[in-house]
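Undergrad: Quick one: the structure is below, and I'll ask about it shortly.
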There are 2 protein chains.
Amino acid sequence: MNNRKKKNLEARGWKVGSAAEFLNLSPEEEAYVELKLKLSQNLQEYRKEKKLTQDALARLLKSSQSRVAKMESGDPSVSLDLLIRSLLTLGASRKTLSQMLL
Amino acid sequence: MNNRKKKNLEARGWKVGSAAEFLNLSPEEEAYVELKLKLSQNLQEYRKEKKLTQDALARLLKSSQSRVAKMESGDPSVSLDLLIRSLLTLGASRKTLSQMLL
DNA sequence: TGACATTATGTCGAAAATGATATATATTAT
DNA sequence: ATAATATATATCATTTTCGACATAATGTCA
């Protein structure tokens, strides 16, 4: 993993003590983080395509604007569950979700 | 949704008061439940391929046998997060995960 | 059959994720 | 520039999910 990606993740609050520690992320931990980032990005794209504000999406999801912001920023406090349920609410099919992972 | 699928879900503990209520699952709720069931099934297949007992897998995941059983049975108390992290720990790639969704 | 291994189910305190709220920081329009 | 709108960040009480444990049920094999 290059330094650029690392910095990006660190900026998003993934707690990584040092560069060494970070690079010691196991393959599955790394895959998990990447998965979340992909879904985060797709969620934001989906929302913008539909011309929704974060607040409007939050109401659809019965959530809050702040949580939508955290979803889109890849905040560690957001679970895959919430991301996926949000995408489904926005109308993503399983097929679409499947392609987001690649 | 046919009656067979409904019965299957009910047997797995998804709390649905009546048939009518059940059929009123929104499309995204239904997609979410199906997603979890697919991952559950794949997890069990993966585990058996590797000749692991639930207890052995639990140790790999730093979890417990009972939680593995719940994962595999599609128990509502199990999150997509845990299912996906488990599959990743078992060596599933994002590509493989992607195909599980279809 | 009975001993042994494996899986299922129920419960619980601890930990993590959640929506809500407040407020700071952009971004946009006039 | 400034008002209005949109997004980001921090904190917190509540809810959900968690591993652990006990124990029941099922399967396996001598």
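Starting from 1 in every chain, residues are counted up; chains themselves are A, B, ... following the order of the structure tokens, and ligands are numbered from 1 as listed.
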Provide as a list in words the residues of chain C at most 9 Å from chain B, counting only C-alpha atoms (C1' of nucleotides).
TA: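 Listed by rising number, the hits are DT6, DT7, DA8 and DT9 of chain C.
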Undergrad: Should the cut-off be 8 Å, what would the residue list for chain D against chain B look like, counting only C-alpha atoms (C1' of nucleotides), as a PyMOL selection string?
TA: chain D and resi 17+19-20
Undergrad: Set the cut-off to 12 Å and count only C-alpha atoms: what are the residues of chain B that reach chain A? Output as an MDAnalysis selection string.
TA: chainID B and resid 26:36 38 61 78:102
Undergrad: Could you jot down the atom C1' of C:DG13 to atom C1' of D:DT16 separation for me, Å, one decimal place?
TA: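 Those two atoms sit 13.7 Å apart.
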Undergrad: I'd like the neighbourhood of stretch 9-15 of chain D as a PyMOL selection string, where a residue qualifies if any of its atoms comes within 10 Å (using only C-alpha atoms (C1' of nucleotides)), though same-chain residues fewer than 6 positions away should be ignored.
TA: (chain A and resi 66+69-70) or (chain C and resi 17-25)
Undergrad: Could those selected residues go to a file with C-alpha atoms (C1' of nucleotides), as a compact mmCIF listing (two decimals), in the first residue's frame?
TA:
# COMPACT_ATOMS: atom_id res chain seq x y z
CA SER A 66 -24.44 13.98 10.54
CA ALA A 69 -21.82 12.75 6.38
CA LYS A 70 -19.97 10.13 8.38
C1' DA C 17 -23.06 1.58 16.44
C1' DT C 18 -26.90 4.56 16.21
C1' DG C 19 -29.86 8.94 15.82
C1' DA C 20 -30.00 13.25 17.79
C1' DT C 21 -28.15 17.60 18.79
C1' DA C 22 -25.05 21.42 18.71
C1' DT C 23 -21.97 23.82 16.24
C1' DA C 24 -18.16 24.64 13.03
C1' DT C 25 -16.86 24.95 8.35
Undergrad: Which residues are close to C:DC12, i.e. within 12 Å by only C-alpha atoms (C1' of nucleotides), leaving aside same-chain residues fewer than 2 positions away? Reply as a list of chain:residue names.
TA: C:DG10, C:DA14, D:DC18, D:DG19, D:DA20, D:DC21, D:DA22
Undergrad: Would you compute the distance between atom C1' of C:DA29 and atom CA of A:Ala58? Give it in Å to one decimal.
TA: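 Interatomic distance, atom C1' of C:DA29 to atom CA of A:Ala58: 24.5 Å.
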Undergrad: Figure out the distance between atom CA of B:Pro76 and atom CA of B:Ser40, please, to one decimal in Å.
TA: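 Value for the atom CA of B:Ser40-atom CA of B:Pro76 distance: 11.3 Å.
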Undergrad: For a quick check of understanding, using only C-alpha atoms (C1' of nucleotides), which of D:DA1, D:DC29, D:DA24, D:DA6 has the smallest distance to C:DT30?
TA: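 Using only C-alpha atoms (C1' of nucleotides), the shortest distance to C:DT30 belongs to D:DA1.
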